[in-house]
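Asker: Contents of query_3.cif (mmCIF, C-alpha atoms):
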```cif
data_my_file
#
loop_
_atom_site.group_PDB
_atom_site.id
_atom_site.type_symbol
_atom_site.label_atom_id
_atom_site.label_comp_id
_atom_site.auth_asym_id
_atom_site.auth_seq_id
_atom_site.Cartn_x
_atom_site.Cartn_y
_atom_site.Cartn_z
ATOM 1 C CA MET A 1344 -28.807 -13.223 -5.674
ATOM 2 C CA ALA A 1345 -30.573 -12.279 -2.487
ATOM 3 C CA GLU A 1346 -32.707 -9.148 -2.503
ATOM 4 C CA THR A 1347 -30.973 -6.142 -1.015
ATOM 5 C CA GLN A 1348 -31.068 -2.372 -0.867
ATOM 6 C CA SER A 1349 -30.798 -0.356 -4.079
ATOM 7 C CA SER A 1350 -27.275 -0.600 -5.474
ATOM 8 C CA SER A 1351 -27.080 3.197 -5.636
ATOM 9 C CA SER A 1352 -27.291 3.337 -1.835
ATOM 10 C CA LEU A 1353 -24.323 1.012 -1.310
ATOM 11 C CA PRO A 1354 -20.961 2.601 -0.415
ATOM 12 C CA LYS A 1355 -19.021 3.431 -3.568
ATOM 13 C CA ILE A 1356 -15.348 2.433 -3.466
ATOM 14 C CA VAL A 1357 -12.987 3.877 -6.093
ATOM 15 C CA ILE A 1358 -9.744 1.989 -6.729
ATOM 16 C CA THR A 1359 -6.883 3.532 -8.701
ATOM 17 C CA GLY A 1360 -4.605 1.072 -10.457
ATOM 18 C CA GLY A 1361 -7.757 -0.985 -10.559
ATOM 19 C CA THR A 1362 -6.550 -3.765 -12.862
ATOM 20 C CA GLY A 1363 -3.073 -4.072 -11.340
ATOM 21 C CA ASN A 1364 -1.921 -6.732 -8.905
ATOM 22 C CA LEU A 1365 -3.399 -5.329 -5.690
ATOM 23 C CA GLY A 1366 -6.305 -3.437 -7.205
ATOM 24 C CA SER A 1367 -7.666 -6.467 -9.030
ATOM 25 C CA LYS A 1368 -7.405 -8.699 -5.965
ATOM 26 C CA LEU A 1369 -9.240 -6.214 -3.767
ATOM 27 C CA SER A 1370 -11.975 -5.344 -6.257
ATOM 28 C CA LYS A 1371 -12.772 -9.037 -6.711
ATOM 29 C CA GLN A 1372 -13.085 -9.414 -2.941
ATOM 30 C CA LEU A 1373 -15.282 -6.339 -2.465
ATOM 31 C CA LEU A 1374 -17.662 -7.481 -5.186
ATOM 32 C CA SER A 1375 -17.880 -11.084 -3.965
ATOM 33 C CA TYR A 1376 -20.558 -10.523 -1.319
ATOM 34 C CA ASP A 1377 -24.126 -11.764 -1.640
ATOM 35 C CA PRO A 1378 -26.013 -9.645 -0.882
ATOM 36 C CA PRO A 1379 -23.709 -6.901 -2.212
ATOM 37 C CA LYS A 1380 -21.927 -4.626 0.252
ATOM 38 C CA TYR A 1381 -20.200 -2.188 -2.100
ATOM 39 C CA ARG A 1382 -20.206 -0.541 -5.468
ATOM 40 C CA VAL A 1383 -16.735 -0.586 -7.030
ATOM 41 C CA SER A 1384 -15.335 1.829 -9.595
ATOM 42 C CA LEU A 1385 -11.918 1.110 -11.101
ATOM 43 C CA ILE A 1386 -9.591 3.713 -12.600
ATOM 44 C CA GLU A 1387 -6.803 2.414 -14.816
ATOM 45 C CA HIS A 1388 -4.402 3.951 -17.315
ATOM 46 C CA PRO A 1389 -5.426 2.910 -20.861
ATOM 47 C CA GLN A 1390 -1.925 1.540 -21.490
ATOM 48 C CA PHE A 1391 -2.164 -0.873 -18.544
ATOM 49 C CA PHE A 1392 -5.847 -1.706 -18.611
ATOM 50 C CA ASN A 1393 -6.497 -5.460 -18.489
ATOM 51 C CA THR A 1394 -10.053 -6.593 -19.208
ATOM 52 C CA SER A 1395 -9.439 -9.997 -17.625
ATOM 53 C CA LYS A 1396 -8.780 -8.292 -14.271
ATOM 54 C CA VAL A 1397 -12.168 -6.573 -14.109
ATOM 55 C CA PRO A 1398 -14.611 -8.501 -11.891
ATOM 56 C CA PRO A 1399 -18.310 -8.665 -12.784
ATOM 57 C CA GLY A 1400 -20.142 -5.616 -11.530
ATOM 58 C CA ALA A 1401 -17.205 -3.212 -11.520
ATOM 59 C CA HIS A 1402 -17.463 0.142 -13.265
ATOM 60 C CA VAL A 1403 -14.344 1.137 -15.218
ATOM 61 C CA THR A 1404 -12.885 4.539 -16.084
ATOM 62 C CA LYS A 1405 -9.802 4.620 -18.284
ATOM 63 C CA GLY A 1406 -7.633 7.572 -17.388
ATOM 64 C CA ASP A 1407 -4.203 8.756 -16.318
ATOM 65 C CA VAL A 1408 -4.292 9.904 -12.683
ATOM 66 C CA GLY A 1409 -0.914 11.519 -13.324
ATOM 67 C CA ASN A 1410 -2.688 14.053 -15.535
ATOM 68 C CA ILE A 1411 -5.004 16.272 -13.520
ATOM 69 C CA GLU A 1412 -6.053 18.363 -16.518
ATOM 70 C CA SER A 1413 -7.499 15.368 -18.340
ATOM 71 C CA GLY A 1414 -8.978 14.163 -15.080
ATOM 72 C CA LEU A 1415 -11.033 17.329 -14.771
ATOM 73 C CA SER A 1416 -12.527 17.029 -18.244
ATOM 74 C CA PRO A 1417 -16.337 17.214 -18.029
ATOM 75 C CA ASP A 1418 -16.454 14.595 -20.763
ATOM 76 C CA GLY A 1419 -15.513 11.492 -18.783
ATOM 77 C CA GLY A 1420 -12.523 12.771 -16.778
ATOM 78 C CA TRP A 1421 -11.355 10.367 -14.067
ATOM 79 C CA VAL A 1422 -11.982 12.865 -11.261
ATOM 80 C CA ASN A 1423 -15.715 12.510 -11.956
ATOM 81 C CA SER A 1424 -15.429 8.952 -10.612
ATOM 82 C CA PHE A 1425 -14.959 10.477 -7.153
ATOM 83 C CA ASP A 1426 -18.445 11.995 -7.140
ATOM 84 C CA ASP A 1427 -20.556 10.306 -4.417
ATOM 85 C CA ALA A 1428 -17.614 8.020 -3.507
ATOM 86 C CA ASP A 1429 -17.394 6.865 0.091
ATOM 87 C CA ALA A 1430 -13.726 5.862 -0.194
ATOM 88 C CA VAL A 1431 -10.783 6.014 -2.587
ATOM 89 C CA ILE A 1432 -8.087 3.339 -2.414
ATOM 90 C CA HIS A 1433 -4.911 4.489 -4.130
ATOM 91 C CA PHE A 1434 -2.687 1.787 -5.643
ATOM 92 C CA SER A 1435 -1.656 3.464 -8.882
ATOM 93 C CA ALA A 1436 2.075 4.061 -9.496
ATOM 94 C CA VAL A 1437 4.150 4.413 -12.645
ATOM 95 C CA ASN A 1438 6.448 1.572 -11.578
ATOM 96 C CA PRO A 1439 5.309 -0.228 -8.395
ATOM 97 C CA TYR A 1440 8.593 -2.072 -7.885
ATOM 98 C CA PRO A 1441 11.968 -1.346 -6.231
ATOM 99 C CA ASN A 1442 13.772 -0.661 -9.523
ATOM 100 C CA ALA A 1443 11.675 2.461 -10.212
ATOM 101 C CA THR A 1444 13.747 5.333 -11.602
ATOM 102 C CA TRP A 1445 13.647 8.885 -10.257
ATOM 103 C CA ASP A 1446 11.701 9.918 -13.353
ATOM 104 C CA GLN A 1447 9.092 7.259 -12.578
ATOM 105 C CA SER A 1448 9.148 8.225 -8.917
ATOM 106 C CA ALA A 1449 8.359 11.855 -9.754
ATOM 107 C CA GLU A 1450 5.396 10.739 -11.853
ATOM 108 C CA SER A 1451 4.166 8.512 -9.023
ATOM 109 C CA MET A 1452 4.308 11.565 -6.748
ATOM 110 C CA ASP A 1453 2.018 13.297 -9.254
ATOM 111 C CA HIS A 1454 -0.407 10.376 -8.875
ATOM 112 C CA CYS A 1455 -0.563 10.889 -5.111
ATOM 113 C CA CYS A 1456 -0.923 14.664 -5.334
ATOM 114 C CA ASN A 1457 -3.688 14.473 -7.913
ATOM 115 C CA VAL A 1458 -5.664 11.632 -6.344
ATOM 116 C CA PHE A 1459 -5.478 12.916 -2.768
ATOM 117 C CA ASN A 1460 -6.396 16.492 -3.662
ATOM 118 C CA ALA A 1461 -9.200 15.360 -5.949
ATOM 119 C CA ALA A 1462 -10.616 13.160 -3.183
ATOM 120 C CA CYS A 1463 -10.573 16.041 -0.718
ATOM 121 C CA SER A 1464 -12.154 18.440 -3.204
ATOM 122 C CA ARG A 1465 -15.006 16.004 -3.858
ATOM 123 C CA GLY A 1466 -15.608 15.293 -0.168
ATOM 124 C CA VAL A 1467 -14.604 11.622 -0.163
ATOM 125 C CA ARG A 1468 -14.920 10.304 3.410
ATOM 126 C CA ARG A 1469 -11.891 7.982 3.491
ATOM 127 C CA VAL A 1470 -8.700 7.773 1.447
ATOM 128 C CA ILE A 1471 -6.594 4.621 1.811
ATOM 129 C CA PHE A 1472 -3.059 4.767 0.461
ATOM 130 C CA ALA A 1473 -0.984 1.679 -0.323
ATOM 131 C CA THR A 1474 2.446 2.921 0.686
ATOM 132 C CA THR A 1475 5.419 0.620 1.198
ATOM 133 C CA SER A 1476 7.679 -0.934 3.807
ATOM 134 C CA HIS A 1477 10.592 0.256 1.647
ATOM 135 C CA THR A 1478 10.209 3.626 3.374
ATOM 136 C CA MET A 1479 11.858 1.827 6.310
ATOM 137 C CA GLY A 1480 14.183 -0.498 4.382
ATOM 138 C CA GLY A 1481 17.296 1.213 5.704
ATOM 139 C CA TYR A 1482 16.728 -0.549 9.018
ATOM 140 C CA LYS A 1483 17.466 -3.878 7.335
ATOM 141 C CA ASP A 1484 21.205 -3.832 8.046
ATOM 142 C CA VAL A 1485 21.517 -1.541 11.076
ATOM 143 C CA ASP A 1486 24.137 -2.436 13.660
ATOM 144 C CA PRO A 1487 23.230 -3.710 16.167
ATOM 145 C CA PRO A 1488 20.368 -5.523 14.426
ATOM 146 C CA LEU A 1489 16.811 -4.766 15.471
ATOM 147 C CA GLU A 1490 15.026 -7.271 17.643
ATOM 148 C CA ALA A 1491 11.933 -8.975 16.204
ATOM 149 C CA GLY A 1492 8.809 -6.824 16.375
ATOM 150 C CA THR A 1493 10.580 -3.581 17.324
ATOM 151 C CA LEU A 1494 10.458 -1.616 14.045
ATOM 152 C CA GLY A 1495 7.576 0.730 14.833
ATOM 153 C CA PRO A 1496 5.751 2.919 12.297
ATOM 154 C CA ASP A 1497 6.654 6.050 14.296
ATOM 155 C CA LEU A 1498 10.423 5.666 13.837
ATOM 156 C CA PRO A 1499 12.179 8.057 11.433
ATOM 157 C CA PRO A 1500 12.059 6.800 7.836
ATOM 158 C CA LYS A 1501 15.110 5.188 6.256
ATOM 159 C CA VAL A 1502 14.130 4.984 2.610
ATOM 160 C CA GLY A 1503 15.447 2.203 0.389
ATOM 161 C CA THR A 1504 16.251 -1.479 0.840
ATOM 162 C CA LYS A 1505 19.794 -2.118 -0.329
ATOM 163 C CA LEU A 1506 20.519 -5.730 -1.168
ATOM 164 C CA LEU A 1507 23.857 -7.101 0.028
ATOM 165 C CA ASP A 1508 24.309 -9.172 -3.098
ATOM 166 C CA PRO A 1509 25.469 -6.850 -5.941
ATOM 167 C CA VAL A 1510 23.984 -8.957 -8.735
ATOM 168 C CA ALA A 1511 20.544 -9.027 -7.105
ATOM 169 C CA LEU A 1512 20.852 -5.309 -6.391
ATOM 170 C CA GLU A 1513 21.505 -4.584 -10.050
ATOM 171 C CA ALA A 1514 18.494 -6.672 -11.082
ATOM 172 C CA SER A 1515 15.986 -5.391 -8.523
ATOM 173 C CA GLY A 1516 17.151 -1.901 -7.570
ATOM 174 C CA ASP A 1517 17.627 -0.279 -4.177
ATOM 175 C CA SER A 1518 14.039 0.978 -3.687
ATOM 176 C CA VAL A 1519 15.211 4.522 -2.913
ATOM 177 C CA ALA A 1520 13.348 6.363 -5.675
ATOM 178 C CA TYR A 1521 10.357 4.039 -5.286
ATOM 179 C CA GLY A 1522 10.255 4.496 -1.520
ATOM 180 C CA ALA A 1523 10.709 8.268 -1.775
ATOM 181 C CA ALA A 1524 7.508 8.590 -3.806
ATOM 182 C CA LYS A 1525 5.608 6.600 -1.200
ATOM 183 C CA LEU A 1526 7.081 8.656 1.661
ATOM 184 C CA CYS A 1527 6.009 11.819 -0.161
ATOM 185 C CA GLY A 1528 2.496 10.385 -0.362
ATOM 186 C CA GLU A 1529 2.471 9.617 3.370
ATOM 187 C CA ARG A 1530 3.471 13.146 4.313
ATOM 188 C CA LEU A 1531 0.974 14.691 1.893
ATOM 189 C CA ALA A 1532 -1.770 12.500 3.340
ATOM 190 C CA ALA A 1533 -0.955 13.661 6.872
ATOM 191 C CA SER A 1534 -1.063 17.307 5.809
ATOM 192 C CA LEU A 1535 -4.342 16.989 3.917
ATOM 193 C CA ALA A 1536 -5.919 15.028 6.757
ATOM 194 C CA ALA A 1537 -5.141 17.848 9.183
ATOM 195 C CA LEU A 1538 -6.772 20.311 6.799
ATOM 196 C CA HIS A 1539 -9.825 18.294 5.758
ATOM 197 C CA ALA A 1540 -10.754 15.992 8.668
ATOM 198 C CA PRO A 1541 -13.354 15.029 9.697
ATOM 199 C CA ARG A 1542 -14.791 15.395 6.183
ATOM 200 C CA THR A 1543 -11.901 13.427 4.657
ATOM 201 C CA THR A 1544 -9.593 11.137 6.653
ATOM 202 C CA PHE A 1545 -6.593 9.083 5.563
ATOM 203 C CA VAL A 1546 -5.293 5.595 6.352
ATOM 204 C CA CYS A 1547 -1.842 4.748 4.974
ATOM 205 C CA LEU A 1548 -0.816 1.085 4.957
ATOM 206 C CA ARG A 1549 2.865 0.271 4.462
ATOM 207 C CA VAL A 1550 2.472 -2.839 2.342
ATOM 208 C CA GLY A 1551 5.127 -5.537 2.497
ATOM 209 C CA TRP A 1552 5.668 -7.957 -0.389
ATOM 210 C CA CYS A 1553 2.417 -9.159 -1.926
ATOM 211 C CA GLN A 1554 3.359 -10.945 -5.138
ATOM 212 C CA PRO A 1555 1.110 -11.181 -8.198
ATOM 213 C CA GLY A 1556 -1.131 -14.224 -8.445
ATOM 214 C CA ASP A 1557 -1.145 -16.894 -5.744
ATOM 215 C CA ASN A 1558 1.569 -15.079 -3.784
ATOM 216 C CA LEU A 1559 3.020 -18.146 -2.073
ATOM 217 C CA PRO A 1560 5.928 -17.969 0.404
ATOM 218 C CA GLU A 1561 7.954 -20.451 -1.628
ATOM 219 C CA THR A 1562 8.150 -18.020 -4.565
ATOM 220 C CA LEU A 1563 9.733 -15.255 -2.457
ATOM 221 C CA SER A 1564 13.398 -14.644 -3.206
ATOM 222 C CA ALA A 1565 16.439 -12.679 -2.113
ATOM 223 C CA ALA A 1566 15.950 -10.377 -5.110
ATOM 224 C CA GLY A 1567 12.889 -8.724 -3.556
ATOM 225 C CA SER A 1568 10.994 -8.433 -6.862
ATOM 226 C CA PRO A 1569 9.224 -10.897 -9.168
ATOM 227 C CA PRO A 1570 11.524 -12.030 -12.003
ATOM 228 C CA GLU A 1571 9.400 -10.345 -14.674
ATOM 229 C CA PHE A 1572 9.975 -6.945 -13.036
ATOM 230 C CA GLN A 1573 13.747 -7.272 -12.570
ATOM 231 C CA SER A 1574 16.281 -5.697 -14.908
ATOM 232 C CA ASP A 1575 17.851 -8.242 -17.233
ATOM 233 C CA THR A 1576 21.394 -8.963 -16.025
ATOM 234 C CA GLY A 1577 21.820 -12.200 -17.944
ATOM 235 C CA VAL A 1578 22.345 -14.319 -14.828
ATOM 236 C CA SER A 1579 20.248 -17.026 -13.208
ATOM 237 C CA GLU A 1580 18.067 -16.685 -10.106
ATOM 238 C CA GLU A 1581 20.540 -18.854 -8.168
ATOM 239 C CA GLU A 1582 23.434 -16.593 -9.168
ATOM 240 C CA LYS A 1583 21.449 -13.546 -8.080
ATOM 241 C CA ARG A 1584 21.114 -15.046 -4.627
ATOM 242 C CA GLY A 1585 24.866 -14.905 -4.072
ATOM 243 C CA GLU A 1586 26.679 -15.405 -0.787
ATOM 244 C CA ASN A 1587 24.711 -12.645 0.949
ATOM 245 C CA GLY A 1588 21.355 -13.742 -0.464
ATOM 246 C CA GLY A 1589 20.405 -15.543 2.727
ATOM 247 C CA THR A 1590 20.403 -12.304 4.709
ATOM 248 C CA ASP A 1591 18.409 -10.503 2.035
ATOM 249 C CA GLU A 1592 15.981 -13.393 1.702
ATOM 250 C CA LEU A 1593 15.205 -13.403 5.434
ATOM 251 C CA TRP A 1594 14.340 -9.705 5.264
ATOM 252 C CA PHE A 1595 12.013 -10.134 2.301
ATOM 253 C CA LYS A 1596 10.327 -13.167 3.840
ATOM 254 C CA GLY A 1597 9.701 -10.978 6.866
ATOM 255 C CA MET A 1598 8.006 -8.455 4.547
ATOM 256 C CA TRP A 1599 5.606 -10.989 3.033
ATOM 257 C CA LEU A 1600 1.920 -10.067 2.976
ATOM 258 C CA SER A 1601 -0.383 -12.951 2.102
ATOM 259 C CA ASN A 1602 -3.400 -12.411 -0.128
ATOM 260 C CA ARG A 1603 -5.699 -13.251 2.778
ATOM 261 C CA ASP A 1604 -4.080 -10.743 5.140
ATOM 262 C CA PHE A 1605 -3.897 -8.079 2.425
ATOM 263 C CA LEU A 1606 -7.633 -8.307 1.773
ATOM 264 C CA ALA A 1607 -8.475 -8.269 5.482
ATOM 265 C CA TYR A 1608 -6.332 -5.211 6.198
ATOM 266 C CA PHE A 1609 -7.602 -3.092 3.326
ATOM 267 C CA GLU A 1610 -11.264 -3.902 3.801
ATOM 268 C CA ALA A 1611 -10.955 -3.159 7.522
ATOM 269 C CA ALA A 1612 -9.411 0.226 6.701
ATOM 270 C CA LEU A 1613 -12.607 1.233 4.941
ATOM 271 C CA GLY A 1614 -14.683 1.258 8.102
ATOM 272 C CA ILE A 1615 -12.468 2.053 11.081
ATOM 273 C CA GLU A 1616 -12.684 5.315 12.979
ATOM 274 C CA VAL A 1617 -9.845 7.787 12.420
ATOM 275 C CA PRO A 1618 -10.347 10.441 15.099
ATOM 276 C CA LEU A 1619 -9.390 14.110 15.175
ATOM 277 C CA ALA A 1620 -7.431 13.527 18.382
ATOM 278 C CA TRP A 1621 -5.865 10.377 19.772
ATOM 279 C CA ASP A 1622 -5.944 9.305 23.405
ATOM 280 C CA ASP A 1623 -2.175 9.701 23.756
ATOM 281 C CA ASP A 1624 -1.942 13.184 22.224
ATOM 282 C CA LYS A 1625 -0.587 14.526 25.520
ATOM 283 C CA ASN A 1626 2.236 12.023 25.408
ATOM 284 C CA GLN A 1627 5.497 13.635 24.295
ATOM 285 C CA LEU A 1628 6.145 10.832 21.798
ATOM 286 C CA SER A 1629 2.931 11.709 19.967
ATOM 287 C CA LYS A 1630 4.466 15.088 19.046
ATOM 288 C CA SER A 1631 7.265 13.483 17.046
ATOM 289 C CA PRO A 1632 7.436 14.686 13.419
ATOM 290 C CA HIS A 1633 7.242 11.015 12.437
ATOM 291 C CA ARG A 1634 4.209 10.122 14.548
ATOM 292 C CA HIS A 1635 1.874 7.688 12.860
ATOM 293 C CA LYS A 1636 -1.325 8.898 14.511
ATOM 294 C CA ARG A 1637 -2.416 12.458 13.754
ATOM 295 C CA ARG A 1638 -5.566 14.476 13.210
ATOM 296 C CA GLY A 1639 -7.619 12.377 10.777
ATOM 297 C CA PHE A 1640 -4.558 10.298 9.826
ATOM 298 C CA LEU A 1641 -3.263 6.815 10.602
ATOM 299 C CA LEU A 1642 -0.112 5.088 9.318
ATOM 300 C CA LEU A 1643 0.290 1.339 9.867
ATOM 301 C CA TYR A 1644 2.301 -1.633 8.632
ATOM 302 C CA ALA A 1645 0.622 -4.246 6.446
ATOM 303 C CA MET A 1646 2.608 -7.478 6.603
ATOM 304 C CA SER A 1647 1.708 -10.988 7.631
ATOM 305 C CA ARG A 1648 2.836 -12.181 11.060
ATOM 306 C CA ASN A 1649 6.093 -13.663 9.804
ATOM 307 C CA THR A 1650 8.340 -15.420 12.313
ATOM 308 C CA ASN A 1651 11.136 -13.178 13.656
ATOM 309 C CA ALA A 1652 10.220 -10.267 11.363
ATOM 310 C CA LYS A 1653 11.284 -6.821 12.577
ATOM 311 C CA TRP A 1654 7.953 -5.083 11.966
ATOM 312 C CA ASP A 1655 5.826 -4.048 14.950
ATOM 313 C CA LEU A 1656 2.238 -5.019 14.099
ATOM 314 C CA LYS A 1657 0.646 -4.197 17.460
ATOM 315 C CA ASP A 1658 -1.016 -0.994 16.258
ATOM 316 C CA THR A 1659 -2.040 -2.680 13.005
ATOM 317 C CA GLU A 1660 -3.999 -5.209 15.021
ATOM 318 C CA LYS A 1661 -5.271 -2.612 17.497
ATOM 319 C CA TYR A 1662 -6.615 -0.036 15.069
ATOM 320 C CA LEU A 1663 -7.654 -2.225 12.140
ATOM 321 C CA GLY A 1664 -9.113 -4.869 14.431
ATOM 322 C CA VAL A 1665 -7.479 -7.556 12.288
ATOM 323 C CA LYS A 1666 -4.857 -10.108 13.276
ATOM 324 C CA SER A 1667 -2.690 -11.634 10.567
ATOM 325 C CA GLN A 1668 -3.489 -15.267 9.797
ATOM 326 C CA ASP A 1669 -0.364 -16.177 7.833
ATOM 327 C CA ASP A 1670 3.395 -16.627 8.238
ATOM 328 C CA SER A 1671 5.947 -17.007 5.445
ATOM 329 C CA PHE A 1672 7.916 -19.507 7.552
ATOM 330 C CA ARG A 1673 5.005 -21.902 8.185
#
```
Write out the structure in this file as structure tokens.

Answerer:
Amino acid sequence: MAETQSSSSLPKIVITGGTGNLGSKLSKQLLSYDPPKYRVSLIEHPQFFNTSKVPPGAHVTKGDVGNIESGLSPDGGWVNSFDDADAVIHFSAVNPYPNATWDQSAESMDHCCNVFNAACSRGVRRVIFATTSHTMGGYKDVDPPLEAGTLGPDLPPKVGTKLLDPVALEASGDSVAYGAAKLCGERLAASLAALHAPRTTFVCLRVGWCQPGDNLPETLSAAGSPPEFQSDTGVSEEEKRGENGGTDELWFKGMWLSNRDFLAYFEAALGIEVPLAWDDDKNQLSKSPHRHKRRGFLLLYAMSRNTNAKWDLKDTEKYLGVKSQDDSFR
């Protein structure tokens, strides 16, 4: 390995849900540089910790970010991982899929509250939150239909993505409880950013569908969740597709986020400027209660540039400085 500065002087990145799908992909990427660019510290619940998902060089803390009391323990509490951290990337959720129950959703809200407040209390410079496009899933079936590229991040939320096919809906859920927890996290982030910027700023990325593993377009389906995370209905994948599956499938293909684009978006979010005031603050639209640019706060979509998708990625490209390289239809 090439000689470089002392590892202790490298930016320390803390990742919650560190051995999950997204956390493990990103930690591997951040630790792949030679010479090194980052130190990486993973936080994972002991019940879900997976040794095989820990890349060489990562530090690991086993802890439940839903439990702030244990996190504050001087004897290895997870909050101590935030000391001298440059950024915290929050992926952890009790159930990170659309069939999350309200009980699980409430616990995921605890994760956001605990992680965000802990980061602010320890003076972390940047918090990046993996929220979800399911906060806007209600736009899927609006009449008249949205034109491609017109679903902006500053529109009012419509939480939940209801599948038209009842069998697929039963298997995958409607995303309402799941999306509500993410929306709660977005609003908390905006509030804390206003209070703590410029010391601590927030970037929230509404992640589309980034499947575990290779995450190929051909494994996307009308169900909107990987088979292993669907409720068992006793029917085949083809039966779940149903007569309305084509409409649902087009929506979910429009949500696809490739591994390459996911990594580019999240790494870019580490270094971008998030100002105290935006150039268009005098514009009346910027005063909307759903505005995506606020004091020390930025909310953007994170999908690939999928053909005819509804999502407006212009501000994603503008503020992250990254243009999607992939398309689920090509």

Asker: Apply the PyMOL selection byres ((chain A and resi 1641) around 10) to the displayed file and report the matching residues as a PyMOL selection string.

Answerer: chain A and resi 1471+1496+1529+1532-1533+1536+1544-1548+1612+1616-1618+1634-1640+1642-1643+1658-1659+1662

Asker: Separation of CA of Ala1514 (chain A) and CA of Trp1654 (chain A), in Å?

Answerer: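 Atom-to-atom, CA of Ala1514 (chain A) and CA of Trp1654 (chain A) are spaced 25.4 Å apart.
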
Asker: Kindly assemble as JSON lines a list of the region 1438-1468 of chain A residues that lie within 9 Å of region 1410-1422 of chain A, each paired with its nearest atom pair and their distance in Å to one decimal, using only C-alpha atoms, sorted first by chain and then by ascending residue number.

Answerer:
```
{"residue": "A:Asp1453", "atom": "CA", "partner": "A:Asn1410", "partner_atom": "CA", "distance": 7.9}
{"residue": "A:His1454", "atom": "CA", "partner": "A:Asn1410", "partner_atom": "CA", "distance": 7.9}
{"residue": "A:Asn1457", "atom": "CA", "partner": "A:Ile1411", "partner_atom": "CA", "distance": 6.0}
{"residue": "A:Val1458", "atom": "CA", "partner": "A:Val1422", "partner_atom": "CA", "distance": 8.1}
{"residue": "A:Ala1461", "atom": "CA", "partner": "A:Val1422", "partner_atom": "CA", "distance": 6.5}
{"residue": "A:Ala1462", "atom": "CA", "partner": "A:Val1422", "partner_atom": "CA", "distance": 8.2}
{"residue": "A:Arg1465", "atom": "CA", "partner": "A:Val1422", "partner_atom": "CA", "distance": 8.6}
```

Asker: Quick one: pull the distance between CA of Thr1362 (chain A) and CA of Ser1395 (chain A), Å, one decimal.

Answerer: 8.4 Å

Asker: For Gly1551 (chain A), list every protein, DNA or RNA residue within 6 Å, evaluated using all atoms listed in the file, and leave out those in the same chain fewer than 5 positions away; present the list as a ChimeraX atom specification.

Answerer: /A:1476,1598-1600,1646

Asker: So, with only C-alpha atoms as the atoms that count, which of A:Leu1489, A:Ala1473, A:Cys1527, A:Ala1566 lies closest to Tyr1644 (chain A)?

Answerer: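 Selected residue with least distance to Tyr1644 (chain A): A:Ala1473.
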
Asker: Let me know the residues the PyMOL selection byres ((chain A and resi 1354-1357) around 7) catches in the file above, as a PDB file with C-alpha atoms, keeping the file's coordinate frame.

Answerer:
```
ATOM      1  CA  SER A1352     -27.291   3.337  -1.835  1.00  0.00           C
ATOM      2  CA  LEU A1353     -24.323   1.012  -1.310  1.00  0.00           C
ATOM      3  CA  ILE A1358      -9.744   1.989  -6.729  1.00  0.00           C
ATOM      4  CA  THR A1359      -6.883   3.532  -8.701  1.00  0.00           C
ATOM      5  CA  TYR A1381     -20.200  -2.188  -2.100  1.00  0.00           C
ATOM      6  CA  ARG A1382     -20.206  -0.541  -5.468  1.00  0.00           C
ATOM      7  CA  VAL A1383     -16.735  -0.586  -7.030  1.00  0.00           C
ATOM      8  CA  SER A1384     -15.335   1.829  -9.595  1.00  0.00           C
ATOM      9  CA  LEU A1385     -11.918   1.110 -11.101  1.00  0.00           C
ATOM     10  CA  PHE A1425     -14.959  10.477  -7.153  1.00  0.00           C
ATOM     11  CA  ALA A1428     -17.614   8.020  -3.507  1.00  0.00           C
ATOM     12  CA  ASP A1429     -17.394   6.865   0.091  1.00  0.00           C
ATOM     13  CA  ALA A1430     -13.726   5.862  -0.194  1.00  0.00           C
ATOM     14  CA  VAL A1431     -10.783   6.014  -2.587  1.00  0.00           C
ATOM     15  CA  ILE A1432      -8.087   3.339  -2.414  1.00  0.00           C
TER      16      ILE A1432
END
```

Asker: Could you please determine the separation between CA of Gly1361 (chain A) and CA of Asp1669 (chain A) in Å, to one decimal place?

Answerer: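 We find that CA of Gly1361 (chain A) and CA of Asp1669 (chain A) lie 25.0 Å from each other.
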
Asker: With distances taken over only C-alpha atoms, which residue among A:Leu1365, A:Val1408, A:Ala1401, A:Leu1373 lies nearest Pro1389 (chain A)?

Answerer: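 Smallest separation from Pro1389 (chain A) among the options: A:Val1408.
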
Asker: Using all atoms listed in the file, can you tell me which of A:Glu1490, A:Ala1537, A:Gln1554, A:Arg1648 comes closest to Asn1602 (chain A)?

Answerer: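 Nearest to Asn1602 (chain A): A:Gln1554.
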
Asker: Once the PyMOL selection byres ((chain A and resi 1499) around 12) has been applied to the shown file, what residues remain in the selection, as a list in words?

Answerer: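 With the PyMOL selection byres ((chain A and resi 1499) around 12) on this model, the match is Thr1478, Met1479, Gly1480, Gly1481, Tyr1482, Leu1494, Gly1495, Pro1496, Asp1497, Leu1498, Pro1500, Lys1501, Val1502, Leu1526, Ser1631, Pro1632, His1633, Arg1634 and His1635 of chain A.
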
Asker: Please provide as a ChimeraX atom specification all residues within 7 Å of region 1588-1597 of chain A, with the sequence filter that same-chain residues fewer than 6 positions apart are discarded (counting only C-alpha atoms).

Answerer: /A:1483,1506-1508,1563-1565,1567,1649,1652,1671

Asker: Kindly indicate which residue among A:His1477, A:Lys1653, A:Arg1468, A:Lys1368 lies nearest to Phe1609 (chain A), using all atoms listed in the file for the distances.

Answerer: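 Ranking A:His1477, A:Lys1653, A:Arg1468, A:Lys1368 by distance to Phe1609 (chain A), first place goes to A:Lys1368.
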
Asker: Given only C-alpha atoms as the basis, pick out the residue of A:Glu1387, A:Ala1520, A:Gly1466, A:Leu1535 nearest to Asp1446 (chain A).

Answerer: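 Checking each of A:Glu1387, A:Ala1520, A:Gly1466, A:Leu1535 against Asp1446 (chain A), counting only C-alpha atoms, the winner is A:Ala1520.
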
Asker: Out of A:Pro1487, A:Gly1492, A:Gly1522, A:Pro1509, which residue has the shortest atom-to-atom distance to Ser1451 (chain A) when counting only C-alpha atoms?

Answerer: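 Checking each of A:Pro1487, A:Gly1492, A:Gly1522, A:Pro1509 against Ser1451 (chain A), counting only C-alpha atoms, the winner is A:Gly1522.
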